[in-house]
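Text of my_file.txt, listed as compact mmCIF, all heavy atoms:
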# COMPACT_ATOMS: atom_id res chain seq x y z
N MET W 1 -11.62 18.12 -14.69
CA MET W 1 -10.37 17.51 -15.07
C MET W 1 -9.57 17.01 -13.87
O MET W 1 -8.87 16.04 -13.98
CB MET W 1 -9.51 18.52 -15.84
CG MET W 1 -9.84 18.59 -17.29
SD MET W 1 -9.67 16.96 -18.02
CE MET W 1 -9.62 17.36 -19.68
N HIS W 2 -9.66 17.70 -12.77
CA HIS W 2 -8.89 17.29 -11.59
C HIS W 2 -9.31 15.91 -11.11
O HIS W 2 -8.47 15.13 -10.69
CB HIS W 2 -9.03 18.30 -10.45
CG HIS W 2 -8.39 19.61 -10.76
ND1 HIS W 2 -7.04 19.76 -10.79
CD2 HIS W 2 -8.92 20.81 -11.05
CE1 HIS W 2 -6.76 21.01 -11.09
NE2 HIS W 2 -7.88 21.67 -11.26
N ALA W 3 -10.58 15.61 -11.17
CA ALA W 3 -11.05 14.29 -10.71
C ALA W 3 -10.44 13.17 -11.55
O ALA W 3 -10.03 12.15 -11.02
CB ALA W 3 -12.57 14.24 -10.76
N ALA W 4 -10.37 13.38 -12.85
CA ALA W 4 -9.78 12.35 -13.72
C ALA W 4 -8.30 12.17 -13.41
O ALA W 4 -7.78 11.05 -13.37
CB ALA W 4 -9.97 12.72 -15.18
N ARG W 5 -7.61 13.27 -13.18
CA ARG W 5 -6.18 13.20 -12.86
C ARG W 5 -5.98 12.51 -11.50
O ARG W 5 -5.09 11.70 -11.35
CB ARG W 5 -5.59 14.61 -12.84
CG ARG W 5 -4.11 14.62 -12.90
CD ARG W 5 -3.53 16.00 -13.06
NE ARG W 5 -4.53 16.99 -13.40
CZ ARG W 5 -4.45 18.27 -13.11
NH1 ARG W 5 -3.41 18.74 -12.48
NH2 ARG W 5 -5.39 19.12 -13.44
N ASP W 6 -6.80 12.86 -10.53
CA ASP W 6 -6.70 12.23 -9.21
C ASP W 6 -6.96 10.74 -9.29
O ASP W 6 -6.28 9.94 -8.66
CB ASP W 6 -7.68 12.87 -8.22
CG ASP W 6 -7.31 14.29 -7.85
OD1 ASP W 6 -6.14 14.69 -8.09
OD2 ASP W 6 -8.17 15.01 -7.33
N THR W 7 -7.94 10.34 -10.07
CA THR W 7 -8.26 8.93 -10.23
C THR W 7 -7.10 8.19 -10.89
O THR W 7 -6.71 7.11 -10.45
CB THR W 7 -9.55 8.75 -11.06
OG1 THR W 7 -10.62 9.40 -10.38
CG2 THR W 7 -9.89 7.30 -11.25
N ALA W 8 -6.53 8.77 -11.91
CA ALA W 8 -5.39 8.15 -12.59
C ALA W 8 -4.21 8.02 -11.64
O ALA W 8 -3.51 7.01 -11.63
CB ALA W 8 -5.01 8.95 -13.82
N SER W 9 -3.99 9.03 -10.83
CA SER W 9 -2.89 9.00 -9.86
C SER W 9 -3.10 7.90 -8.84
O SER W 9 -2.18 7.17 -8.49
CB SER W 9 -2.79 10.36 -9.16
OG SER W 9 -1.78 10.32 -8.19
N ARG W 10 -4.32 7.76 -8.34
CA ARG W 10 -4.62 6.70 -7.37
C ARG W 10 -4.42 5.33 -7.99
O ARG W 10 -3.93 4.41 -7.34
CB ARG W 10 -6.04 6.86 -6.84
CG ARG W 10 -6.17 7.92 -5.77
CD ARG W 10 -7.50 7.80 -5.05
NE ARG W 10 -8.62 8.02 -5.93
CZ ARG W 10 -9.23 9.19 -6.10
NH1 ARG W 10 -8.81 10.24 -5.47
NH2 ARG W 10 -10.26 9.28 -6.90
N ARG W 11 -4.80 5.18 -9.25
CA ARG W 11 -4.62 3.88 -9.93
C ARG W 11 -3.14 3.56 -10.05
O ARG W 11 -2.74 2.40 -9.89
CB ARG W 11 -5.26 3.91 -11.30
CG ARG W 11 -6.74 3.80 -11.24
CD ARG W 11 -7.32 3.64 -12.62
NE ARG W 11 -8.75 3.82 -12.56
CZ ARG W 11 -9.48 4.35 -13.50
NH1 ARG W 11 -8.89 4.76 -14.61
NH2 ARG W 11 -10.76 4.47 -13.37
N THR W 12 -2.32 4.56 -10.34
CA THR W 12 -0.88 4.35 -10.45
C THR W 12 -0.31 3.91 -9.12
O THR W 12 0.47 2.96 -9.05
CB THR W 12 -0.17 5.64 -10.93
OG1 THR W 12 -0.72 6.00 -12.19
CG2 THR W 12 1.31 5.44 -11.05
N VAL W 13 -0.69 4.58 -8.05
CA VAL W 13 -0.22 4.22 -6.71
C VAL W 13 -0.72 2.84 -6.34
O VAL W 13 0.05 2.01 -5.85
CB VAL W 13 -0.68 5.27 -5.66
CG1 VAL W 13 -0.40 4.79 -4.26
CG2 VAL W 13 0.01 6.60 -5.93
N ALA W 14 -1.97 2.56 -6.59
CA ALA W 14 -2.53 1.24 -6.26
C ALA W 14 -1.82 0.15 -7.05
O ALA W 14 -1.52 -0.92 -6.53
CB ALA W 14 -4.02 1.22 -6.53
N GLY W 15 -1.56 0.41 -8.31
CA GLY W 15 -0.86 -0.57 -9.14
C GLY W 15 0.55 -0.82 -8.64
O GLY W 15 1.02 -1.96 -8.61
N ALA W 16 1.24 0.23 -8.25
CA ALA W 16 2.60 0.10 -7.73
C ALA W 16 2.59 -0.66 -6.40
O ALA W 16 3.45 -1.52 -6.16
CB ALA W 16 3.24 1.47 -7.55
N ALA W 17 1.61 -0.38 -5.56
CA ALA W 17 1.50 -1.09 -4.28
C ALA W 17 1.20 -2.57 -4.51
O ALA W 17 1.80 -3.44 -3.87
CB ALA W 17 0.41 -0.45 -3.42
N GLU W 18 0.30 -2.84 -5.43
CA GLU W 18 -0.02 -4.24 -5.74
C GLU W 18 1.21 -4.98 -6.26
O GLU W 18 1.49 -6.11 -5.85
CB GLU W 18 -1.15 -4.33 -6.76
CG GLU W 18 -1.49 -5.76 -7.10
CD GLU W 18 -2.59 -5.90 -8.13
OE1 GLU W 18 -3.18 -4.89 -8.56
OE2 GLU W 18 -2.87 -7.05 -8.52
N ALA W 19 1.94 -4.33 -7.13
CA ALA W 19 3.15 -4.96 -7.68
C ALA W 19 4.17 -5.23 -6.58
O ALA W 19 4.81 -6.28 -6.56
CB ALA W 19 3.76 -4.06 -8.76
N ARG W 20 4.29 -4.30 -5.65
CA ARG W 20 5.23 -4.49 -4.54
C ARG W 20 4.82 -5.66 -3.67
O ARG W 20 5.66 -6.48 -3.28
CB ARG W 20 5.28 -3.20 -3.71
CG ARG W 20 6.29 -3.22 -2.62
CD ARG W 20 6.41 -1.87 -1.98
NE ARG W 20 7.23 -1.94 -0.80
CZ ARG W 20 7.33 -0.98 0.10
NH1 ARG W 20 6.68 0.15 -0.06
NH2 ARG W 20 8.09 -1.14 1.16
N VAL W 21 3.54 -5.77 -3.38
CA VAL W 21 3.06 -6.88 -2.55
C VAL W 21 3.24 -8.21 -3.28
O VAL W 21 3.73 -9.18 -2.71
CB VAL W 21 1.58 -6.66 -2.15
CG1 VAL W 21 1.01 -7.90 -1.49
CG2 VAL W 21 1.45 -5.44 -1.24
N ARG W 22 2.87 -8.24 -4.54
CA ARG W 22 3.01 -9.49 -5.30
C ARG W 22 4.45 -9.94 -5.45
O ARG W 22 4.73 -11.13 -5.51
CB ARG W 22 2.36 -9.33 -6.68
CG ARG W 22 0.86 -9.29 -6.62
CD ARG W 22 0.27 -9.22 -8.03
NE ARG W 22 -1.16 -9.17 -8.00
CZ ARG W 22 -1.95 -10.25 -7.95
NH1 ARG W 22 -1.43 -11.45 -7.94
NH2 ARG W 22 -3.26 -10.11 -7.94
N ALA W 23 5.37 -8.98 -5.51
CA ALA W 23 6.79 -9.31 -5.68
C ALA W 23 7.46 -9.73 -4.39
O ALA W 23 8.53 -10.35 -4.41
CB ALA W 23 7.53 -8.10 -6.27
N CYS W 24 6.84 -9.44 -3.25
CA CYS W 24 7.45 -9.74 -1.96
C CYS W 24 7.37 -11.25 -1.67
O CYS W 24 6.31 -11.86 -1.74
CB CYS W 24 6.75 -8.98 -0.85
SG CYS W 24 7.51 -9.24 0.77
N THR W 25 8.52 -11.82 -1.33
CA THR W 25 8.57 -13.24 -0.99
C THR W 25 8.97 -13.46 0.47
O THR W 25 9.07 -14.60 0.91
CB THR W 25 9.55 -13.99 -1.91
OG1 THR W 25 10.85 -13.41 -1.76
CG2 THR W 25 9.10 -13.93 -3.36
N ASP W 26 9.17 -12.38 1.20
CA ASP W 26 9.58 -12.46 2.60
C ASP W 26 8.33 -12.57 3.47
O ASP W 26 7.57 -11.61 3.61
CB ASP W 26 10.39 -11.21 2.97
CG ASP W 26 10.94 -11.25 4.38
OD1 ASP W 26 10.26 -11.77 5.29
OD2 ASP W 26 12.06 -10.75 4.57
N THR W 27 8.10 -13.72 4.06
CA THR W 27 6.87 -13.93 4.83
C THR W 27 6.80 -13.06 6.08
O THR W 27 5.71 -12.71 6.51
CB THR W 27 6.69 -15.41 5.22
OG1 THR W 27 7.84 -15.86 5.91
CG2 THR W 27 6.45 -16.27 3.98
N ASP W 28 7.93 -12.68 6.63
CA ASP W 28 7.91 -11.78 7.80
C ASP W 28 7.37 -10.40 7.39
O ASP W 28 6.58 -9.79 8.12
CB ASP W 28 9.30 -11.63 8.41
CG ASP W 28 9.77 -12.91 9.11
OD1 ASP W 28 8.90 -13.70 9.55
OD2 ASP W 28 10.99 -13.11 9.21
N ILE W 29 7.80 -9.91 6.25
CA ILE W 29 7.30 -8.62 5.76
C ILE W 29 5.82 -8.73 5.42
O ILE W 29 5.02 -7.85 5.78
CB ILE W 29 8.11 -8.14 4.54
CG1 ILE W 29 9.53 -7.78 4.97
CG2 ILE W 29 7.42 -6.96 3.84
CD1 ILE W 29 10.46 -7.45 3.83
N LEU W 30 5.43 -9.79 4.73
CA LEU W 30 4.02 -9.97 4.39
C LEU W 30 3.16 -10.05 5.65
O LEU W 30 2.07 -9.45 5.70
CB LEU W 30 3.84 -11.23 3.55
CG LEU W 30 4.44 -11.15 2.13
CD1 LEU W 30 4.46 -12.54 1.50
CD2 LEU W 30 3.67 -10.17 1.27
N ASP W 31 3.62 -10.73 6.67
CA ASP W 31 2.89 -10.80 7.95
C ASP W 31 2.76 -9.43 8.59
O ASP W 31 1.70 -9.07 9.10
CB ASP W 31 3.58 -11.75 8.92
CG ASP W 31 3.37 -13.22 8.58
OD1 ASP W 31 2.44 -13.53 7.80
OD2 ASP W 31 4.14 -14.05 9.10
N ALA W 32 3.84 -8.65 8.56
CA ALA W 32 3.81 -7.30 9.14
C ALA W 32 2.82 -6.42 8.37
O ALA W 32 2.04 -5.67 8.97
CB ALA W 32 5.20 -6.68 9.12
N TRP W 33 2.84 -6.51 7.04
CA TRP W 33 1.90 -5.73 6.24
C TRP W 33 0.47 -6.13 6.56
O TRP W 33 -0.41 -5.28 6.70
CB TRP W 33 2.16 -5.91 4.75
CG TRP W 33 3.39 -5.24 4.24
CD1 TRP W 33 4.11 -4.24 4.85
CD2 TRP W 33 4.04 -5.49 3.00
NE1 TRP W 33 5.17 -3.88 4.06
CE2 TRP W 33 5.15 -4.63 2.91
CE3 TRP W 33 3.80 -6.36 1.96
CZ2 TRP W 33 6.00 -4.62 1.82
CZ3 TRP W 33 4.65 -6.35 0.86
CH2 TRP W 33 5.73 -5.47 0.79
N PHE W 34 0.22 -7.42 6.68
CA PHE W 34 -1.12 -7.89 7.00
C PHE W 34 -1.58 -7.34 8.34
O PHE W 34 -2.69 -6.81 8.47
CB PHE W 34 -1.16 -9.42 7.02
CG PHE W 34 -2.50 -9.97 7.39
CD1 PHE W 34 -3.50 -10.07 6.43
CD2 PHE W 34 -2.77 -10.36 8.68
CE1 PHE W 34 -4.75 -10.56 6.76
CE2 PHE W 34 -4.02 -10.85 9.03
CZ PHE W 34 -5.02 -10.95 8.06
N ASP W 35 -0.73 -7.44 9.35
CA ASP W 35 -1.08 -6.94 10.68
C ASP W 35 -1.39 -5.44 10.65
O ASP W 35 -2.36 -4.98 11.25
CB ASP W 35 0.03 -7.23 11.69
CG ASP W 35 0.18 -8.71 11.99
OD1 ASP W 35 -0.76 -9.49 11.70
OD2 ASP W 35 1.25 -9.10 12.52
N ARG W 36 -0.55 -4.66 9.95
CA ARG W 36 -0.78 -3.21 9.87
C ARG W 36 -2.05 -2.90 9.09
O ARG W 36 -2.75 -1.93 9.39
CB ARG W 36 0.42 -2.50 9.24
CG ARG W 36 1.55 -2.31 10.21
CD ARG W 36 2.53 -1.24 9.75
NE ARG W 36 3.20 -1.57 8.50
CZ ARG W 36 4.34 -2.26 8.40
NH1 ARG W 36 4.97 -2.68 9.49
NH2 ARG W 36 4.88 -2.51 7.23
N ALA W 37 -2.37 -3.71 8.09
CA ALA W 37 -3.56 -3.46 7.28
C ALA W 37 -4.83 -3.50 8.10
O ALA W 37 -5.84 -2.89 7.73
CB ALA W 37 -3.63 -4.46 6.13
N LEU W 38 -4.78 -4.18 9.22
CA LEU W 38 -5.96 -4.28 10.08
C LEU W 38 -6.21 -3.02 10.89
O LEU W 38 -7.31 -2.83 11.43
CB LEU W 38 -5.81 -5.48 11.02
CG LEU W 38 -5.72 -6.85 10.34
CD1 LEU W 38 -5.43 -7.92 11.38
CD2 LEU W 38 -6.98 -7.16 9.56
N THR W 39 -5.21 -2.14 10.99
CA THR W 39 -5.34 -1.00 11.89
C THR W 39 -5.10 0.37 11.26
O THR W 39 -5.30 1.38 11.92
CB THR W 39 -4.37 -1.14 13.08
OG1 THR W 39 -3.03 -1.17 12.58
CG2 THR W 39 -4.66 -2.39 13.89
N VAL W 40 -4.68 0.43 10.01
CA VAL W 40 -4.40 1.72 9.38
C VAL W 40 -5.41 2.02 8.28
O VAL W 40 -6.21 1.16 7.92
CB VAL W 40 -2.95 1.78 8.82
CG1 VAL W 40 -1.95 1.60 9.94
CG2 VAL W 40 -2.73 0.74 7.74
N ARG W 41 -5.33 3.22 7.72
CA ARG W 41 -6.33 3.65 6.75
C ARG W 41 -5.84 3.64 5.30
O ARG W 41 -6.65 3.65 4.38
CB ARG W 41 -6.79 5.06 7.08
CG ARG W 41 -7.57 5.14 8.40
CD ARG W 41 -7.86 6.56 8.72
NE ARG W 41 -9.10 7.10 9.11
CZ ARG W 41 -10.33 6.68 8.96
NH1 ARG W 41 -10.55 5.57 8.38
NH2 ARG W 41 -11.36 7.34 9.38
N THR W 42 -4.53 3.69 5.08
CA THR W 42 -4.04 3.81 3.71
C THR W 42 -3.01 2.73 3.40
O THR W 42 -2.35 2.21 4.30
CB THR W 42 -3.38 5.17 3.46
OG1 THR W 42 -2.17 5.25 4.22
CG2 THR W 42 -4.32 6.32 3.82
N ILE W 43 -2.85 2.46 2.12
CA ILE W 43 -1.85 1.49 1.70
C ILE W 43 -0.44 2.00 2.02
O ILE W 43 0.45 1.22 2.33
CB ILE W 43 -2.00 1.12 0.20
CG1 ILE W 43 -1.12 -0.06 -0.18
CG2 ILE W 43 -1.72 2.31 -0.68
CD1 ILE W 43 -1.49 -1.36 0.46
N ALA W 44 -0.27 3.32 1.97
CA ALA W 44 1.04 3.88 2.32
C ALA W 44 1.41 3.56 3.77
O ALA W 44 2.56 3.25 4.06
CB ALA W 44 1.03 5.39 2.10
N GLU W 45 0.44 3.60 4.66
CA GLU W 45 0.71 3.26 6.05
C GLU W 45 1.01 1.78 6.23
O GLU W 45 1.72 1.40 7.14
CB GLU W 45 -0.49 3.64 6.93
CG GLU W 45 -0.70 5.13 7.05
CD GLU W 45 -1.97 5.44 7.80
OE1 GLU W 45 -3.06 5.13 7.28
OE2 GLU W 45 -1.86 5.99 8.91
N VAL W 46 0.44 0.95 5.37
CA VAL W 46 0.71 -0.48 5.44
C VAL W 46 2.15 -0.76 4.98
O VAL W 46 2.90 -1.42 5.67
CB VAL W 46 -0.27 -1.28 4.56
CG1 VAL W 46 0.16 -2.75 4.47
CG2 VAL W 46 -1.68 -1.18 5.10
N LEU W 47 2.50 -0.25 3.82
CA LEU W 47 3.77 -0.59 3.22
C LEU W 47 4.95 0.22 3.75
O LEU W 47 6.07 -0.26 3.78
CB LEU W 47 3.69 -0.43 1.70
CG LEU W 47 2.64 -1.29 1.00
CD1 LEU W 47 2.66 -1.03 -0.50
CD2 LEU W 47 2.83 -2.75 1.30
N ASP W 48 4.69 1.46 4.16
CA ASP W 48 5.76 2.35 4.63
C ASP W 48 5.32 3.04 5.92
O ASP W 48 4.98 4.22 5.90
CB ASP W 48 6.09 3.39 3.56
CG ASP W 48 6.57 2.77 2.28
OD1 ASP W 48 7.48 1.93 2.34
OD2 ASP W 48 6.04 3.12 1.21
N PRO W 49 5.35 2.30 7.03
CA PRO W 49 4.87 2.91 8.28
C PRO W 49 5.79 4.04 8.72
O PRO W 49 6.97 4.06 8.37
CB PRO W 49 4.92 1.75 9.28
CG PRO W 49 5.99 0.86 8.74
CD PRO W 49 5.89 0.98 7.24
N PRO W 50 5.25 4.98 9.49
CA PRO W 50 6.07 6.08 10.01
C PRO W 50 7.20 5.54 10.89
O PRO W 50 7.02 4.56 11.60
CB PRO W 50 5.12 6.92 10.82
CG PRO W 50 3.77 6.36 10.64
CD PRO W 50 3.88 5.06 9.92
N VAL W 51 8.32 6.20 10.82
CA VAL W 51 9.47 5.81 11.65
C VAL W 51 9.37 6.54 12.97
O VAL W 51 9.07 7.73 13.02
CB VAL W 51 10.80 6.17 10.94
CG1 VAL W 51 11.98 5.85 11.81
CG2 VAL W 51 10.88 5.48 9.61
N GLY W 52 9.64 5.81 14.06
CA GLY W 52 9.68 6.47 15.36
C GLY W 52 8.60 6.17 16.25
O GLY W 52 7.79 5.63 16.59
Represent the structure of the file as structure tokens.
Amino acid sequence: MHAARDTASRRTVAGAAEARVRACTDTDILDAWFDRALTVRTIAEVLDPPVG
């Protein structure tokens, strides 16, 4: 059961991330996300990088 719940949770996060990217119209933000996507491992690191 845990695997199914984990999969559903990942789909929810992925869907929310996709919606956020599709809704973004700021090309500076989109460029920053693209650049970070080349060097990080997770979508969370792309969209919400660590502060500091």
_Under the rule that only C-alpha atoms are counted, which of W:Gly15, W:Ala23, W:Asp31, W:Arg36 is the nearest residue to Pro49 of chain W?_
W:Arg36
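Here atom N of Arg20 of chain W and atom CB of Arg41 of chain W stand 19.3 Å from one another.
Note that the spacing between atom CA of Thr42 of chain W and atom CA of Ala14 of chain W amounts to 10.4 Å.
What separates atom CA of Ala17 of chain W from atom CA of Ile43 of chain W is a distance of 7.3 Å.
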Box time for segment 30-43 of chain W: axis-aligned, enclosing all its listed atoms, 3 Å extra on each side; report centre and edge lengths in Å to one decimal, as lines of an AutoDock Vina configuration file.
center_x = -2.7
center_y = -3.4
center_z = 6.6
size_x = 23.4
size_y = 27.4
size_z = 20.6
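The shortest atom-to-atom distance to Asp48 of chain W, with all atoms listed in the file taken into account, belongs to W:Trp33 out of W:Asp28, W:Trp33, W:Ala16, W:Val21.
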Quick one: segment 29-40 of chain W from the block, all heavy atoms, as an mmCIF file, in the first residue's frame.
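See selection-v2.cif below for the written result:
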data_model
loop_
_atom_site.group_PDB
_atom_site.id
_atom_site.type_symbol
_atom_site.label_atom_id
_atom_site.label_comp_id
_atom_site.auth_asym_id
_atom_site.auth_seq_id
_atom_site.Cartn_x
_atom_site.Cartn_y
_atom_site.Cartn_z
ATOM 1 N N ILE W 29 12.362 34.200 -14.616
ATOM 2 C CA ILE W 29 12.158 33.053 -13.733
ATOM 3 C C ILE W 29 12.288 31.758 -14.524
ATOM 4 O O ILE W 29 12.941 30.806 -14.076
ATOM 5 C CB ILE W 29 10.788 33.134 -13.027
ATOM 6 C CG1 ILE W 29 10.787 34.287 -12.030
ATOM 7 C CG2 ILE W 29 10.441 31.806 -12.340
ATOM 8 C CD1 ILE W 29 9.441 34.567 -11.398
ATOM 9 N N LEU W 30 11.673 31.696 -15.689
ATOM 10 C CA LEU W 30 11.769 30.494 -16.515
ATOM 11 C C LEU W 30 13.226 30.199 -16.880
ATOM 12 O O LEU W 30 13.657 29.035 -16.839
ATOM 13 C CB LEU W 30 10.925 30.644 -17.777
ATOM 14 C CG LEU W 30 9.408 30.669 -17.540
ATOM 15 C CD1 LEU W 30 8.692 31.120 -18.808
ATOM 16 C CD2 LEU W 30 8.907 29.320 -17.073
ATOM 17 N N ASP W 31 13.996 31.214 -17.203
ATOM 18 C CA ASP W 31 15.423 31.028 -17.505
ATOM 19 C C ASP W 31 16.177 30.502 -16.292
ATOM 20 O O ASP W 31 17.026 29.613 -16.418
ATOM 21 C CB ASP W 31 16.057 32.338 -17.968
ATOM 22 C CG ASP W 31 15.682 32.715 -19.389
ATOM 23 O OD1 ASP W 31 15.205 31.840 -20.142
ATOM 24 O OD2 ASP W 31 15.866 33.899 -19.744
ATOM 25 N N ALA W 32 15.879 31.039 -15.116
ATOM 26 C CA ALA W 32 16.547 30.587 -13.888
ATOM 27 C C ALA W 32 16.194 29.128 -13.606
ATOM 28 O O ALA W 32 17.063 28.324 -13.246
ATOM 29 C CB ALA W 32 16.152 31.471 -12.706
ATOM 30 N N TRP W 33 14.921 28.768 -13.771
ATOM 31 C CA TRP W 33 14.517 27.381 -13.562
ATOM 32 C C TRP W 33 15.233 26.462 -14.542
ATOM 33 O O TRP W 33 15.702 25.393 -14.178
ATOM 34 C CB TRP W 33 13.014 27.219 -13.721
ATOM 35 C CG TRP W 33 12.196 27.784 -12.600
ATOM 36 C CD1 TRP W 33 12.641 28.128 -11.345
ATOM 37 C CD2 TRP W 33 10.807 28.052 -12.622
ATOM 38 N NE1 TRP W 33 11.592 28.603 -10.599
ATOM 39 C CE2 TRP W 33 10.444 28.566 -11.359
ATOM 40 C CE3 TRP W 33 9.821 27.926 -13.581
ATOM 41 C CZ2 TRP W 33 9.147 28.929 -11.045
ATOM 42 C CZ3 TRP W 33 8.523 28.284 -13.266
ATOM 43 C CH2 TRP W 33 8.190 28.776 -11.999
ATOM 44 N N PHE W 34 15.321 26.877 -15.794
ATOM 45 C CA PHE W 34 16.006 26.069 -16.799
ATOM 46 C C PHE W 34 17.462 25.853 -16.413
ATOM 47 O O PHE W 34 17.966 24.724 -16.443
ATOM 48 C CB PHE W 34 15.912 26.733 -18.174
ATOM 49 C CG PHE W 34 16.628 25.969 -19.241
ATOM 50 C CD1 PHE W 34 16.025 24.882 -19.851
ATOM 51 C CD2 PHE W 34 17.908 26.323 -19.616
ATOM 52 C CE1 PHE W 34 16.688 24.156 -20.829
ATOM 53 C CE2 PHE W 34 18.585 25.608 -20.598
ATOM 54 C CZ PHE W 34 17.975 24.516 -21.206
ATOM 55 N N ASP W 35 18.144 26.927 -16.048
ATOM 56 C CA ASP W 35 19.553 26.822 -15.668
ATOM 57 C C ASP W 35 19.741 25.880 -14.476
ATOM 58 O O ASP W 35 20.649 25.042 -14.465
ATOM 59 C CB ASP W 35 20.136 28.195 -15.345
ATOM 60 C CG ASP W 35 20.260 29.080 -16.580
ATOM 61 O OD1 ASP W 35 20.216 28.561 -17.713
ATOM 62 O OD2 ASP W 35 20.397 30.310 -16.399
ATOM 63 N N ARG W 36 18.879 26.014 -13.454
ATOM 64 C CA ARG W 36 18.990 25.142 -12.276
ATOM 65 C C ARG W 36 18.670 23.695 -12.628
ATOM 66 O O ARG W 36 19.251 22.768 -12.060
ATOM 67 C CB ARG W 36 18.076 25.625 -11.148
ATOM 68 C CG ARG W 36 18.660 26.788 -10.391
ATOM 69 C CD ARG W 36 18.005 26.980 -9.038
ATOM 70 N NE ARG W 36 16.594 27.304 -9.115
ATOM 71 C CZ ARG W 36 16.085 28.529 -9.223
ATOM 72 N NH1 ARG W 36 16.893 29.587 -9.232
ATOM 73 N NH2 ARG W 36 14.788 28.729 -9.283
ATOM 74 N N ALA W 37 17.758 23.481 -13.560
ATOM 75 C CA ALA W 37 17.375 22.118 -13.935
ATOM 76 C C ALA W 37 18.549 21.326 -14.495
ATOM 77 O O ALA W 37 18.555 20.096 -14.434
ATOM 78 C CB ALA W 37 16.236 22.149 -14.946
ATOM 79 N N LEU W 38 19.533 22.025 -14.992
ATOM 80 C CA LEU W 38 20.710 21.353 -15.552
ATOM 81 C C LEU W 38 21.658 20.825 -14.487
ATOM 82 O O LEU W 38 22.523 19.992 -14.779
ATOM 83 C CB LEU W 38 21.456 22.308 -16.483
ATOM 84 C CG LEU W 38 20.676 22.789 -17.706
ATOM 85 C CD1 LEU W 38 21.486 23.839 -18.458
ATOM 86 C CD2 LEU W 38 20.302 21.635 -18.611
ATOM 87 N N THR W 39 21.511 21.302 -13.246
ATOM 88 C CA THR W 39 22.499 20.955 -12.220
ATOM 89 C C THR W 39 21.935 20.342 -10.943
ATOM 90 O O THR W 39 22.701 19.931 -10.085
ATOM 91 C CB THR W 39 23.312 22.200 -11.820
ATOM 92 O OG1 THR W 39 22.422 23.180 -11.279
ATOM 93 C CG2 THR W 39 24.065 22.773 -13.005
ATOM 94 N N VAL W 40 20.622 20.273 -10.794
ATOM 95 C CA VAL W 40 20.046 19.732 -9.564
ATOM 96 C C VAL W 40 19.338 18.414 -9.835
ATOM 97 O O VAL W 40 19.173 18.015 -10.987
ATOM 98 C CB VAL W 40 19.068 20.744 -8.897
ATOM 99 C CG1 VAL W 40 19.806 22.015 -8.518
ATOM 100 C CG2 VAL W 40 17.893 21.057 -9.798
#
